[in-house]
Structures are given as C-alpha cells and as structure tokens.
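Undergrad: What follows is model.cif, made up of mmCIF, C-alpha atoms:
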```
data_data
loop_
_atom_site.group_PDB
_atom_site.id
_atom_site.type_symbol
_atom_site.label_atom_id
_atom_site.label_comp_id
_atom_site.auth_asym_id
_atom_site.auth_seq_id
_atom_site.Cartn_x
_atom_site.Cartn_y
_atom_site.Cartn_z
ATOM 1 C CA MET C 1 99.394 44.844 19.968
ATOM 2 C CA ASN C 2 100.713 48.294 19.106
ATOM 3 C CA ILE C 3 98.580 51.074 17.653
ATOM 4 C CA HIS C 4 99.968 50.605 14.145
ATOM 5 C CA GLU C 5 98.901 46.945 14.082
ATOM 6 C CA HIS C 6 95.533 47.681 15.688
ATOM 7 C CA TYR C 7 94.607 50.389 13.229
ATOM 8 C CA ASN C 8 95.839 48.329 10.302
ATOM 9 C CA ILE C 9 93.636 45.400 11.321
ATOM 10 C CA LEU C 10 90.662 47.672 11.931
ATOM 11 C CA SER C 11 90.911 49.188 8.481
ATOM 12 C CA HIS C 12 91.451 45.998 6.507
ATOM 13 C CA LYS C 13 89.383 43.396 8.267
ATOM 14 C CA ASN C 14 86.356 42.113 6.367
ATOM 15 C CA VAL C 15 83.337 40.479 7.934
ATOM 16 C CA GLN C 16 83.127 36.915 6.649
ATOM 17 C CA ASN C 17 80.005 34.918 7.532
ATOM 18 C CA ASP C 18 81.867 32.145 9.372
ATOM 19 C CA ASN C 19 83.949 34.622 11.360
ATOM 20 C CA PHE C 20 80.912 36.700 12.241
ATOM 21 C CA ASN C 21 78.855 33.692 13.321
ATOM 22 C CA ASN C 22 81.710 32.648 15.602
ATOM 23 C CA THR C 23 81.900 36.157 17.061
ATOM 24 C CA TYR C 24 78.135 36.269 17.522
ATOM 25 C CA GLN C 25 78.044 32.900 19.321
ATOM 26 C CA GLU C 26 80.938 33.965 21.570
ATOM 27 C CA LEU C 27 79.096 37.161 22.515
ATOM 28 C CA LEU C 28 75.893 35.244 23.264
ATOM 29 C CA LYS C 29 77.877 32.876 25.468
ATOM 30 C CA LYS C 30 79.518 35.840 27.219
ATOM 31 C CA ILE C 31 76.087 37.363 27.965
ATOM 32 C CA LYS C 32 74.736 34.118 29.395
ATOM 33 C CA ASN C 33 77.864 33.327 31.416
ATOM 34 C CA ASN C 34 78.158 36.791 32.937
ATOM 35 C CA ASN C 35 76.693 37.269 36.381
ATOM 36 C CA ILE C 36 73.958 39.675 35.248
ATOM 37 C CA ASP C 37 70.228 39.597 35.854
ATOM 38 C CA VAL C 38 67.866 37.977 33.373
ATOM 39 C CA ILE C 39 66.204 41.272 32.382
ATOM 40 C CA LEU C 40 69.554 42.803 31.365
ATOM 41 C CA GLN C 41 70.495 39.573 29.595
ATOM 42 C CA ASP C 42 67.336 39.787 27.480
ATOM 43 C CA GLU C 43 67.985 43.452 26.720
ATOM 44 C CA LEU C 44 71.571 42.731 25.627
ATOM 45 C CA ILE C 45 70.447 39.912 23.327
ATOM 46 C CA LYS C 46 67.886 42.240 21.729
ATOM 47 C CA ILE C 47 70.562 44.922 21.247
ATOM 48 C CA LEU C 48 72.963 42.391 19.739
ATOM 49 C CA ASP C 49 70.264 41.187 17.347
ATOM 50 C CA LYS C 50 69.428 44.787 16.368
ATOM 51 C CA PHE C 51 73.031 45.312 15.269
ATOM 52 C CA LYS C 52 73.334 41.813 13.797
ATOM 53 C CA SER C 53 70.428 42.401 11.411
ATOM 54 C CA SER C 54 72.364 44.780 9.127
ATOM 55 C CA GLU C 55 75.661 44.614 7.276
ATOM 56 C CA MET C 56 76.797 47.805 8.999
ATOM 57 C CA GLY C 57 75.995 46.409 12.451
ATOM 58 C CA ARG C 58 77.779 43.136 11.713
ATOM 59 C CA PHE C 59 80.897 45.031 10.638
ATOM 60 C CA LEU C 60 80.822 47.056 13.854
ATOM 61 C CA ILE C 61 80.404 43.934 16.000
ATOM 62 C CA GLU C 62 83.256 42.156 14.211
ATOM 63 C CA ASN C 63 85.675 45.120 14.205
ATOM 64 C CA SER C 64 84.748 47.383 17.161
ATOM 65 C CA GLY C 65 84.933 50.282 14.725
ATOM 66 C CA PHE C 66 84.436 51.427 11.137
ATOM 67 C CA ASN C 67 86.623 51.446 8.051
ATOM 68 C CA GLY C 68 86.572 54.236 5.454
ATOM 69 C CA PHE C 69 83.463 52.975 3.687
ATOM 70 C CA TRP C 70 81.266 52.698 6.792
ATOM 71 C CA THR C 71 82.564 55.981 8.203
ATOM 72 C CA GLU C 72 81.531 57.728 4.995
ATOM 73 C CA TYR C 73 78.197 55.887 5.039
ATOM 74 C CA MET C 74 77.447 57.203 8.533
ATOM 75 C CA CYS C 75 78.670 60.731 7.773
ATOM 76 C CA SER C 76 76.665 61.169 4.587
ATOM 77 C CA TYR C 77 73.516 59.375 5.810
ATOM 78 C CA PRO C 78 71.453 62.582 6.439
ATOM 79 C CA GLU C 79 72.468 64.105 3.090
ATOM 80 C CA THR C 80 71.636 60.905 1.218
ATOM 81 C CA LYS C 81 68.266 60.647 2.956
ATOM 82 C CA GLY C 82 67.617 64.356 2.412
ATOM 83 C CA LEU C 83 68.045 63.873 -1.342
ATOM 84 C CA GLY C 84 65.177 61.397 -1.247
ATOM 85 C CA PHE C 85 67.205 58.217 -1.561
ATOM 86 C CA ASN C 86 66.215 55.125 0.401
ATOM 87 C CA VAL C 87 69.419 54.788 2.413
ATOM 88 C CA SER C 88 68.741 51.290 3.718
ATOM 89 C CA GLU C 89 65.923 48.760 3.600
ATOM 90 C CA ASN C 90 66.916 47.705 7.100
ATOM 91 C CA LYS C 91 64.842 49.502 9.757
ATOM 92 C CA ASP C 92 67.269 48.617 12.547
ATOM 93 C CA GLU C 93 70.166 50.160 10.626
ATOM 94 C CA ASN C 94 68.174 53.328 9.958
ATOM 95 C CA TYR C 95 67.241 53.495 13.639
ATOM 96 C CA LEU C 96 70.911 53.307 14.656
ATOM 97 C CA MET C 97 71.924 56.006 12.153
ATOM 98 C CA GLU C 98 69.186 58.332 13.413
ATOM 99 C CA ASN C 99 69.286 57.695 17.174
ATOM 100 C CA LEU C 100 72.741 56.703 18.388
ATOM 101 C CA PRO C 101 74.416 59.819 19.861
ATOM 102 C CA ILE C 102 77.763 58.900 18.269
ATOM 103 C CA ALA C 103 76.094 58.631 14.836
ATOM 104 C CA ILE C 104 74.316 61.987 15.133
ATOM 105 C CA ALA C 105 77.481 63.631 16.496
ATOM 106 C CA THR C 106 79.601 62.125 13.704
ATOM 107 C CA GLN C 107 77.201 63.431 11.055
ATOM 108 C CA SER C 108 77.291 66.901 12.621
ATOM 109 C CA ARG C 109 81.082 66.827 12.972
ATOM 110 C CA TYR C 110 81.373 65.883 9.284
ATOM 111 C CA GLN C 111 79.423 68.986 8.227
ATOM 112 C CA ILE C 112 81.581 71.181 10.485
ATOM 113 C CA PHE C 113 84.737 69.788 8.873
ATOM 114 C CA LYS C 114 83.364 70.429 5.380
ATOM 115 C CA SER C 115 82.405 73.998 6.282
ATOM 116 C CA GLU C 116 85.782 74.769 7.871
ATOM 117 C CA ILE C 117 87.710 73.314 4.930
ATOM 118 C CA GLN C 118 85.555 75.113 2.331
ATOM 119 C CA LYS C 119 86.078 78.539 3.898
ATOM 120 C CA ARG C 120 89.872 78.037 3.769
ATOM 121 C CA LEU C 121 90.102 77.093 0.079
ATOM 122 C CA LYS C 122 92.258 79.359 -2.100
ATOM 123 C CA ASP C 123 94.460 79.215 -5.175
ATOM 124 C CA ASN C 124 97.587 77.049 -4.784
ATOM 125 C CA ILE C 125 96.436 75.529 -1.490
ATOM 126 C CA LYS C 126 97.934 72.186 -0.493
ATOM 127 C CA ILE C 127 95.763 70.016 1.740
ATOM 128 C CA ALA C 128 96.606 66.669 3.366
ATOM 129 C CA SER C 129 94.171 64.285 5.038
ATOM 130 C CA LEU C 130 95.233 61.470 7.390
ATOM 131 C CA PRO C 131 93.617 59.012 7.698
ATOM 132 C CA CYS C 132 91.779 60.152 4.571
ATOM 133 C CA GLY C 133 89.269 57.289 4.340
ATOM 134 C CA LEU C 134 87.156 57.994 1.258
ATOM 135 C CA MET C 135 88.110 61.696 1.625
ATOM 136 C CA ASN C 136 84.626 62.817 0.630
ATOM 137 C CA ASP C 137 84.715 65.625 3.213
ATOM 138 C CA ILE C 138 87.229 67.297 0.865
ATOM 139 C CA LEU C 139 86.360 65.831 -2.542
ATOM 140 C CA SER C 140 82.706 66.884 -2.234
ATOM 141 C CA LEU C 141 83.611 70.573 -1.801
ATOM 142 C CA ASN C 142 83.319 73.274 -4.449
ATOM 143 C CA PHE C 143 86.718 73.855 -6.094
ATOM 144 C CA GLN C 144 85.299 75.652 -9.122
ATOM 145 C CA ASP C 145 86.869 79.023 -8.346
ATOM 146 C CA TYR C 146 90.346 77.775 -7.427
ATOM 147 C CA LYS C 147 93.491 76.960 -9.409
ATOM 148 C CA ASN C 148 96.604 74.876 -8.868
ATOM 149 C CA PHE C 149 95.437 73.242 -5.638
ATOM 150 C CA MET C 150 96.702 69.851 -4.443
ATOM 151 C CA LEU C 151 94.863 67.292 -2.296
ATOM 152 C CA HIS C 152 96.851 64.501 -0.661
ATOM 153 C CA GLY C 153 95.041 61.514 0.858
ATOM 154 C CA ILE C 154 97.086 59.371 3.259
ATOM 155 C CA ASP C 155 95.810 56.113 4.737
ATOM 156 C CA LEU C 156 96.907 52.595 5.645
ATOM 157 C CA ASP C 157 93.785 51.063 4.129
ATOM 158 C CA SER C 158 94.369 50.302 0.447
ATOM 159 C CA SER C 159 90.640 49.806 -0.119
ATOM 160 C CA SER C 160 89.843 53.304 1.204
ATOM 161 C CA LEU C 161 92.552 54.803 -0.995
ATOM 162 C CA GLN C 162 91.154 53.040 -4.072
ATOM 163 C CA GLN C 163 87.649 54.295 -3.306
ATOM 164 C CA ALA C 164 88.914 57.834 -2.658
ATOM 165 C CA ARG C 165 90.738 57.747 -6.006
ATOM 166 C CA ALA C 166 87.521 56.638 -7.716
ATOM 167 C CA ILE C 167 85.568 59.480 -6.088
ATOM 168 C CA SER C 168 88.219 61.990 -7.211
ATOM 169 C CA LEU C 169 87.685 60.738 -10.758
ATOM 170 C CA THR C 170 83.897 61.203 -10.602
ATOM 171 C CA LYS C 171 84.405 64.739 -9.217
ATOM 172 C CA GLY C 172 86.883 65.658 -11.954
ATOM 173 C CA LEU C 173 89.625 66.202 -9.365
ATOM 174 C CA THR C 174 92.010 63.362 -10.212
ATOM 175 C CA TYR C 175 94.757 65.641 -11.551
ATOM 176 C CA HIS C 176 94.709 67.626 -8.321
ATOM 177 C CA CYS C 177 95.010 64.535 -6.101
ATOM 178 C CA LYS C 178 97.560 62.061 -4.930
ATOM 179 C CA PHE C 179 96.985 59.103 -2.621
ATOM 180 C CA THR C 180 99.652 57.318 -0.629
ATOM 181 C CA ARG C 181 99.590 54.352 1.746
ATOM 182 C CA GLU C 182 101.512 55.456 4.833
ATOM 183 C CA ASP C 183 101.572 55.007 8.593
ATOM 184 C CA ALA C 184 100.645 58.148 10.546
ATOM 185 C CA TRP C 185 103.679 57.761 12.812
ATOM 186 C CA GLU C 186 106.086 57.404 9.892
ATOM 187 C CA ILE C 187 105.129 60.278 7.583
ATOM 188 C CA ASN C 188 108.024 62.623 6.913
ATOM 189 C CA TYR C 189 106.831 65.822 5.234
ATOM 190 C CA LYS C 190 108.394 69.200 6.002
ATOM 191 C CA ASN C 191 106.630 72.587 5.714
ATOM 192 C CA GLU C 192 104.563 71.304 2.805
ATOM 193 C CA TYR C 193 100.850 71.799 3.562
ATOM 194 C CA ASP C 194 98.649 74.813 4.208
ATOM 195 C CA LEU C 195 95.942 72.675 5.810
ATOM 196 C CA PHE C 196 96.016 69.245 7.429
ATOM 197 C CA ILE C 197 92.849 67.244 8.179
ATOM 198 C CA SER C 198 92.932 64.430 10.729
ATOM 199 C CA ASN C 199 89.819 62.730 12.021
ATOM 200 C CA GLY C 200 89.232 59.305 13.523
ATOM 201 C CA LEU C 201 92.701 57.963 14.249
ATOM 202 C CA ASN C 202 93.247 59.472 17.685
ATOM 203 C CA ILE C 203 90.107 57.709 18.978
ATOM 204 C CA TYR C 204 92.093 54.441 18.911
ATOM 205 C CA VAL C 205 95.041 55.869 20.871
ATOM 206 C CA ASP C 206 94.804 55.776 24.666
ATOM 207 C CA ASN C 207 98.319 57.106 25.241
ATOM 208 C CA ASP C 208 98.925 60.880 25.270
ATOM 209 C CA GLU C 209 102.583 60.536 24.287
ATOM 210 C CA LYS C 210 101.619 58.436 21.283
ATOM 211 C CA GLN C 211 99.148 61.114 20.212
ATOM 212 C CA ILE C 212 101.741 63.851 20.686
ATOM 213 C CA GLU C 213 104.141 61.857 18.500
ATOM 214 C CA MET C 214 101.532 61.708 15.718
ATOM 215 C CA TYR C 215 100.532 65.373 15.977
ATOM 216 C CA LYS C 216 104.212 66.420 15.896
ATOM 217 C CA LYS C 217 104.505 64.629 12.557
ATOM 218 C CA ILE C 218 101.518 66.638 11.322
ATOM 219 C CA HIS C 219 102.989 69.845 12.786
ATOM 220 C CA ASN C 220 106.223 69.261 10.844
ATOM 221 C CA SER C 221 104.199 68.703 7.661
ATOM 222 C CA LEU C 222 102.534 72.106 7.835
ATOM 223 C CA LYS C 223 103.870 75.379 6.493
ATOM 224 C CA GLU C 224 104.415 78.224 8.932
ATOM 225 C CA ARG C 225 100.999 79.353 10.237
ATOM 226 C CA GLY C 226 99.430 76.318 8.559
ATOM 227 C CA GLU C 227 96.296 74.932 10.182
ATOM 228 C CA LEU C 228 95.149 71.571 11.504
ATOM 229 C CA ILE C 229 91.501 70.503 11.657
ATOM 230 C CA THR C 230 91.061 67.554 13.998
ATOM 231 C CA SER C 231 88.502 66.200 16.469
ATOM 232 C CA THR C 232 87.982 64.359 19.719
ATOM 233 C CA THR C 233 85.366 61.946 21.030
ATOM 234 C CA VAL C 234 84.358 63.437 24.384
ATOM 235 C CA PRO C 235 83.724 61.311 27.498
ATOM 236 C CA PRO C 236 80.177 61.450 28.905
ATOM 237 C CA PRO C 237 79.489 63.451 32.119
ATOM 238 C CA ASP C 238 79.674 60.365 34.355
ATOM 239 C CA TYR C 239 83.259 59.808 33.116
ATOM 240 C CA ASN C 240 84.516 63.396 33.230
ATOM 241 C CA VAL C 241 83.117 66.532 34.862
ATOM 242 C CA ASP C 242 84.452 68.634 31.947
ATOM 243 C CA SER C 243 82.308 66.718 29.453
ATOM 244 C CA THR C 244 80.685 68.864 26.748
ATOM 245 C CA TRP C 245 77.789 66.448 26.130
ATOM 246 C CA LYS C 246 74.447 68.292 25.762
ATOM 247 C CA MET C 247 72.352 65.802 27.719
ATOM 248 C CA ASP C 248 69.103 67.694 27.104
ATOM 249 C CA LYS C 249 69.483 67.041 23.368
ATOM 250 C CA ILE C 250 70.432 63.363 23.599
ATOM 251 C CA ASN C 251 67.865 60.616 23.082
ATOM 252 C CA SER C 252 67.760 58.593 26.343
ATOM 253 C CA GLU C 253 66.909 55.316 24.582
ATOM 254 C CA GLY C 254 69.660 55.880 22.030
ATOM 255 C CA ILE C 255 72.294 56.612 24.658
ATOM 256 C CA ARG C 256 71.367 53.511 26.685
ATOM 257 C CA LEU C 257 71.549 51.317 23.580
ATOM 258 C CA GLN C 258 74.907 52.856 22.620
ATOM 259 C CA THR C 259 76.362 52.537 26.131
ATOM 260 C CA LEU C 260 75.353 48.893 26.537
ATOM 261 C CA PHE C 261 76.500 47.962 23.035
ATOM 262 C CA PHE C 262 79.977 49.478 23.369
ATOM 263 C CA LYS C 263 80.426 48.168 26.912
ATOM 264 C CA HIS C 264 79.424 44.576 26.219
ATOM 265 C CA PHE C 265 80.130 43.974 22.534
ATOM 266 C CA THR C 266 83.219 45.970 21.537
ATOM 267 C CA ASN C 267 86.783 46.632 22.677
ATOM 268 C CA PHE C 268 85.685 50.015 24.009
ATOM 269 C CA ASN C 269 88.438 51.775 25.932
ATOM 270 C CA GLU C 270 87.357 54.825 27.919
ATOM 271 C CA ASN C 271 90.978 56.048 27.969
ATOM 272 C CA THR C 272 90.727 56.979 24.287
ATOM 273 C CA LEU C 273 88.073 59.609 25.120
ATOM 274 C CA ARG C 274 89.296 63.160 25.674
ATOM 275 C CA THR C 275 87.654 66.470 26.436
ATOM 276 C CA PRO C 276 88.442 69.421 24.130
ATOM 277 C CA LYS C 277 90.634 70.808 26.934
ATOM 278 C CA GLN C 278 92.627 67.568 27.089
ATOM 279 C CA LEU C 279 93.124 67.423 23.322
ATOM 280 C CA CYS C 280 94.158 71.095 23.224
ATOM 281 C CA SER C 281 96.813 70.259 25.824
ATOM 282 C CA ILE C 282 98.095 67.438 23.618
ATOM 283 C CA LEU C 283 98.122 69.734 20.585
ATOM 284 C CA GLU C 284 99.927 72.471 22.525
ATOM 285 C CA LYS C 285 102.649 69.983 23.468
ATOM 286 C CA SER C 286 102.867 69.091 19.776
ATOM 287 C CA GLY C 287 103.591 72.710 18.796
ATOM 288 C CA PHE C 288 100.102 74.060 18.033
ATOM 289 C CA SER C 289 98.318 77.138 19.367
ATOM 290 C CA ASN C 290 95.345 79.444 18.704
ATOM 291 C CA PHE C 291 92.704 76.784 19.311
ATOM 292 C CA LYS C 292 89.181 77.131 17.981
ATOM 293 C CA ILE C 293 86.683 74.676 19.529
ATOM 294 C CA LEU C 294 83.606 73.793 17.480
ATOM 295 C CA PRO C 295 81.150 71.418 19.188
ATOM 296 C CA ASP C 296 78.799 69.245 17.164
ATOM 297 C CA VAL C 297 75.036 69.428 17.854
ATOM 298 C CA LEU C 298 75.363 67.050 20.838
ATOM 299 C CA GLY C 299 78.821 68.056 22.116
ATOM 300 C CA VAL C 300 79.971 64.453 21.718
ATOM 301 C CA PHE C 301 82.423 64.672 18.771
ATOM 302 C CA VAL C 302 84.081 68.070 18.980
ATOM 303 C CA THR C 303 86.119 69.703 16.202
ATOM 304 C CA ILE C 304 89.288 71.628 17.053
ATOM 305 C CA VAL C 305 91.116 73.946 14.658
ATOM 306 C CA ALA C 306 94.721 74.737 15.597
ATOM 307 C CA THR C 307 97.549 76.763 14.063
ATOM 308 C CA LYS C 308 101.206 75.786 13.691
ATOM 309 C CA SER C 309 103.133 78.001 16.106
#
```
Rewrite the coordinates I just gave you, this time as structure tokens.
TA:
Amino acid sequence: MNIHEHYNILSHKNVQNDNFNNTYQELLKKIKNNNIDVILQDELIKILDKFKSSEMGRFLIENSGFNGFWTEYMCSYPETKGLGFNVSENKDENYLMENLPIAIATQSRYQIFKSEIQKRLKDNIKIASLPCGLMNDILSLNFQDYKNFMLHGIDLDSSSLQQARAISLTKGLTYHCKFTREDAWEINYKNEYDLFISNGLNIYVDNDEKQIEMYKKIHNSLKERGELITSTTVPPPDYNVDSTWKMDKINSEGIRLQTLFFKHFTNFNENTLRTPKQLCSILEKSGFSNFKILPDVLGVFVTIVATKS
C-alpha cells in the first residue's frame, strides 16, 4: 500500500460496530496467542479495554491514528476543559487525554502552531494548510485587524473539509477561505503563499525521499522568503540518542500505557519518527533554511519553522 492510499484510508475510515468488534476479538486472540507472560497479558487486556470504553479509543484502535475530528478534539481538549465544559463523561478517555505523552505533546504543539501563525498575520497574507483537518489552528485566530487575507485548506478527507468550511462560517471567515480536496504529492502551486502549515502527514511516511518530495511541493508553493511551519514526532531516548524527550516531565504510567498500546494494538512504525535534526536535514534537501526549533512541553512533538531559500 502506498502512502497516498494509506493516508486516504486513515482519513476516511469510520468505526462501525461490527468492524470494531472483529478488530477487538482479533487483538484479544493475538494477546492470548503471543508467547508473553500472564501478567503482561492481563495488563494488555486492561489497556485494550481502557481504550475500547470510549468512542475516541475505538477509533484509534480501528485506524491506528486520528482523522481531522479526533485530532482537533485532542488538540483543543485543555482549552475546552479550561472553559468549564465537561469534555467527556468517559473517565478513561479523560485519563488518556491528560496522561498520554503524545496527547500532552500534541496539545502543546497545537498552541505553539497557533502562536507562531498569529504573530505572522498581516494584511494580504496568503496561508495554506495541508493536511488542514478542521483547520481550527488558523480559523480560531484573531483576524480582526487584517484585510484581504486568504486561507486555503487542503486535505484528502472530504469530511474534514466540510467541517472546516462550517467552522469558517461560524467564525465569519468564509469569504476569506477556500477548501480543496487534493493529494499532498500532487499539489501544483507556484510562488503563491506567504505561509504554509503542515502538521500530521509526515508521521505516516517512513521514507525520507517521499518526505522530501512532499516538502519540495510545499517549497514550490511558497513565495520567495515564505515560511513553513511543520512538526515531527520525536523517537524516545531508547530509540535515538538525539531524542529531545524531557523524561523528567513525562508521567511514567502514561508512557508505559502509550508504549504498550502502540506496540501491540496499532500499526506503529518506528521509522516514521524523526528527531528535529533529521527533519531539518529533510527540509534542507527540499530547499529550506533558517530553521527555528520549538519543542513542546515534553519534547515529544517538536515544531520547526523554516524559510524558503
């Protein structure tokens, strides 16, 4: 399966009860058939049931990743809770959102993106986002003082594009937006954007050349001295000595739960993880320079800002 097909399936797949029950039974069988000790077996079943208890967890089990809706749900979880809303009735789901290192890092990374985009806003700016998901990292910003700006959301997931369009309407930004369904490796824009946002697609690509191909497309889309804001999921210290993980700030129970879940219940591929140094090398080969590295609170999901050379 090539990356285009994989990402397409990931974005569009829905969790149906029959499909999920089949997946769940297969995973239980896998646990029991594996040559692992009984204590670990029991722990894995408890972890599986913790994820199974919520709609979010079931989606993650079924898809090995999130679509635009669940990505936005995770990113905005602290803000929603901070406003006093009851985010979820499900205690297991709340636990995952508040304790998994990848969840905490994603939430922190989201705020960094919003801050970096906001400080670059100006009159007549043209911004593209790919994959845009619900594009709330841009649509939730303050555009009050700016004129004639254009926001372009690009995604393969029609559902995400529809939801992003609906959000743009509620924010009064519809006339500044356009949304197009396109493949990241087939976009063909030339010197058009001042700022390009790309988060979440490279974490499904384990091939450097494939990433370079995508980032070259983005490079071509930017105006001279235009900027890219992107990110990388960093390997833990036991995978790479250059890891930026801040182990003293990471919940030990949360990291064990996360590690076991991704190892045993998803299509986790360690080759998709890259240190900031590795991603900067990929970006440099794609024509970018002047890298600014912005770690999240845990150093797990690092933001990189780069300039078109």
Undergrad: Selection in question (the file shown): the PyMOL selection byres ((chain C and resi 190-199) around 7). Which residues does it include, as a list in words?
TA: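 When the PyMOL selection byres ((chain C and resi 190-199) around 7) is applied to the shown file, the picked residues are Ile125, Lys126, Ile127, Ala128, Ser129, Leu130, Pro131, Asn188, Tyr189, Gly200, Leu201, Asn220, Ser221, Leu222, Lys223, Glu224, Gly226, Glu227, Leu228, Ile229, Thr230 and Ser231 of chain C.
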Undergrad: Between C:Thr23, C:Ser140, C:Asn269, C:Gln118, single out the one closest to Leu169 of chain C, counting all atoms listed in the file.
TA: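 Between C:Thr23, C:Ser140, C:Asn269, C:Gln118, the residue approaching Leu169 of chain C most closely is C:Ser140.
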Undergrad: Taking the file above as input, evaluate the PyMOL selection byres ((chain C and resi 202) around 12) and report the hits as a VMD selection string.
TA: chain C and resid 3 to 4 7 130 to 131 184 to 185 198 to 201 203 to 215 230 to 234 271 to 274 279 282 to 283
Undergrad: Take the point (66.2, 43.6, 26.5) as written in the file and pick out every residue within 12 Å of it, counting only C-alpha atoms; give the list as a list in words.
TA: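 Here is the list of nearby residues: Ile31, Asp37, Val38, Ile39, Leu40, Gln41, Asp42, Glu43, Leu44, Ile45, Lys46, Ile47, Leu48, Asp49, Lys50, Glu253, Arg256, Leu257, Leu260 and Phe261 of chain C.
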Undergrad: Neighbouring residues of segment 76-82 of chain C were defined as those with any atom within 8 Å, considering all atoms listed in the file; residues of the same chain fewer than 4 positions away were excluded. Please report them as a PyMOL selection string.
TA: chain C and resi 72+86-87+97+107
Undergrad: Which distance in Å separates atom CA of His219 of chain C and atom CA of Pro276 of chain C, to one decimal?
TA: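 The value is 18.5 Å.
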Undergrad: May I have the protein, DNA and RNA residues with any atom at most 12 Å from the point (84.3, 44.1, 26.4), counting all atoms listed in the file, written as JSON, numbers by chain?
TA: {"C": [26, 27, 30, 31, 34, 61, 64, 259, 260, 261, 262, 263, 264, 265, 266, 267, 268, 269, 270]}
Undergrad: Would you export the selected residues with C-alpha atoms as a PDB file, keeping the file's coordinate frame, please?
TA:
```
ATOM      1  CA  GLU C  26      80.938  33.965  21.570  1.00  0.00           C
ATOM      2  CA  LEU C  27      79.096  37.161  22.515  1.00  0.00           C
ATOM      3  CA  LYS C  30      79.518  35.840  27.219  1.00  0.00           C
ATOM      4  CA  ILE C  31      76.087  37.363  27.965  1.00  0.00           C
ATOM      5  CA  ASN C  34      78.158  36.791  32.937  1.00  0.00           C
ATOM      6  CA  ILE C  61      80.404  43.934  16.000  1.00  0.00           C
ATOM      7  CA  SER C  64      84.748  47.383  17.161  1.00  0.00           C
ATOM      8  CA  THR C 259      76.362  52.537  26.131  1.00  0.00           C
ATOM      9  CA  LEU C 260      75.353  48.893  26.537  1.00  0.00           C
ATOM     10  CA  PHE C 261      76.500  47.962  23.035  1.00  0.00           C
ATOM     11  CA  PHE C 262      79.977  49.478  23.369  1.00  0.00           C
ATOM     12  CA  LYS C 263      80.426  48.168  26.912  1.00  0.00           C
ATOM     13  CA  HIS C 264      79.424  44.576  26.219  1.00  0.00           C
ATOM     14  CA  PHE C 265      80.130  43.974  22.534  1.00  0.00           C
ATOM     15  CA  THR C 266      83.219  45.970  21.537  1.00  0.00           C
ATOM     16  CA  ASN C 267      86.783  46.632  22.677  1.00  0.00           C
ATOM     17  CA  PHE C 268      85.685  50.015  24.009  1.00  0.00           C
ATOM     18  CA  ASN C 269      88.438  51.775  25.932  1.00  0.00           C
ATOM     19  CA  GLU C 270      87.357  54.825  27.919  1.00  0.00           C
TER      20      GLU C 270
END
```
Undergrad: From the options C:Thr71, C:Asn22, C:Ser252, C:Gln163, which residue's atoms come nearest to Asn99 of chain C, counting all atoms listed in the file?
TA: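 Checking each of C:Thr71, C:Asn22, C:Ser252, C:Gln163 against Asn99 of chain C, counting all atoms listed in the file, the winner is C:Ser252.
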Undergrad: Pick out the residues sitting within 8 Å of Leu100 of chain C, and hand them over as a ChimeraX atom specification; count only C-alpha atoms, and ignore anything fewer than 3 positions along from it in its own chain.
TA: /C:95-97,103-104,251,254-255,257-258
Undergrad: Write out the residues from the selection above, keeping C-alpha atoms, as a PDB file, in the frame of the given file.
TA:
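To be explicit, this is the file written out as selection_32.pdb:
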```
ATOM      1  CA  TYR C  95      67.241  53.495  13.639  1.00  0.00           C
ATOM      2  CA  LEU C  96      70.911  53.307  14.656  1.00  0.00           C
ATOM      3  CA  MET C  97      71.924  56.006  12.153  1.00  0.00           C
ATOM      4  CA  ALA C 103      76.094  58.631  14.836  1.00  0.00           C
ATOM      5  CA  ILE C 104      74.316  61.987  15.133  1.00  0.00           C
ATOM      6  CA  ASN C 251      67.865  60.616  23.082  1.00  0.00           C
ATOM      7  CA  GLY C 254      69.660  55.880  22.030  1.00  0.00           C
ATOM      8  CA  ILE C 255      72.294  56.612  24.658  1.00  0.00           C
ATOM      9  CA  LEU C 257      71.549  51.317  23.580  1.00  0.00           C
ATOM     10  CA  GLN C 258      74.907  52.856  22.620  1.00  0.00           C
TER      11      GLN C 258
END
```
Undergrad: Kindly indicate which residue among C:Phe113, C:Phe20, C:Phe291, C:Phe85 lies nearest to Ile138 of chain C, using all atoms listed in the file for the distances.
TA: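 Distance minimum relative to Ile138 of chain C lands on C:Phe113.
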Undergrad: For a test of reading the model, state the distance in Å between atom CA of Asp157 of chain C and atom CA of Gly133 of chain C, rounded to one decimal.
TA: 7.7 Å
Undergrad: Report the distance between atom CA of Met150 of chain C and atom CA of Ile167 of chain C in Å, rounded to one decimal place.
TA: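 One can read the atom CA of Met150 of chain C to atom CA of Ile167 of chain C distance as 15.3 Å.
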Undergrad: Ranking C:Gln144, C:Val300, C:Leu83, C:Leu294 by minimum distance to Asp242 of chain C and counting only C-alpha atoms, which one comes first?
TA: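 Closest to Asp242 of chain C, using only C-alpha atoms: C:Val300.
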Undergrad: Kindly indicate which residue among C:Ser158, C:Ser115, C:Asn90, C:Asn21 lies nearest to Asp137 of chain C, using all atoms listed in the file for the distances.
TA: C:Ser115
Undergrad: Taking only C-alpha atoms into account, name the residue in C:Thr275, C:Ser309, C:Asn136, C:Asn94 that is nearest to Phe288 of chain C.
TA: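 When distances to Phe288 of chain C are compared using only C-alpha atoms, the smallest one comes from C:Ser309.
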Undergrad: Near Asn19 of chain C, counting all atoms listed in the file, which residues have an atom at most 12 Å away, once you skip same-chain residues fewer than 5 positions from it, shown as a list in words?
TA: Lys13, Asn14, Tyr24, Gln25, Glu26, Arg58, Phe59, Ile61, Glu62 and Asn63 of chain C
Undergrad: When you look at Pro295 of chain C with a cut-off of 10 Å (counting all atoms listed in the file), what residues show up, excluding the ones that are within fewer than 5 positions of it in the same chain? I need them as a list in words.
TA: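 Counting only the stated atoms, we get Ala105, Ser108, Arg109, Ile112, Ser231, Thr232, Thr244, Trp245, Lys246, Pro276, Val300, Phe301, Val302, Thr303 and Ile304 of chain C.
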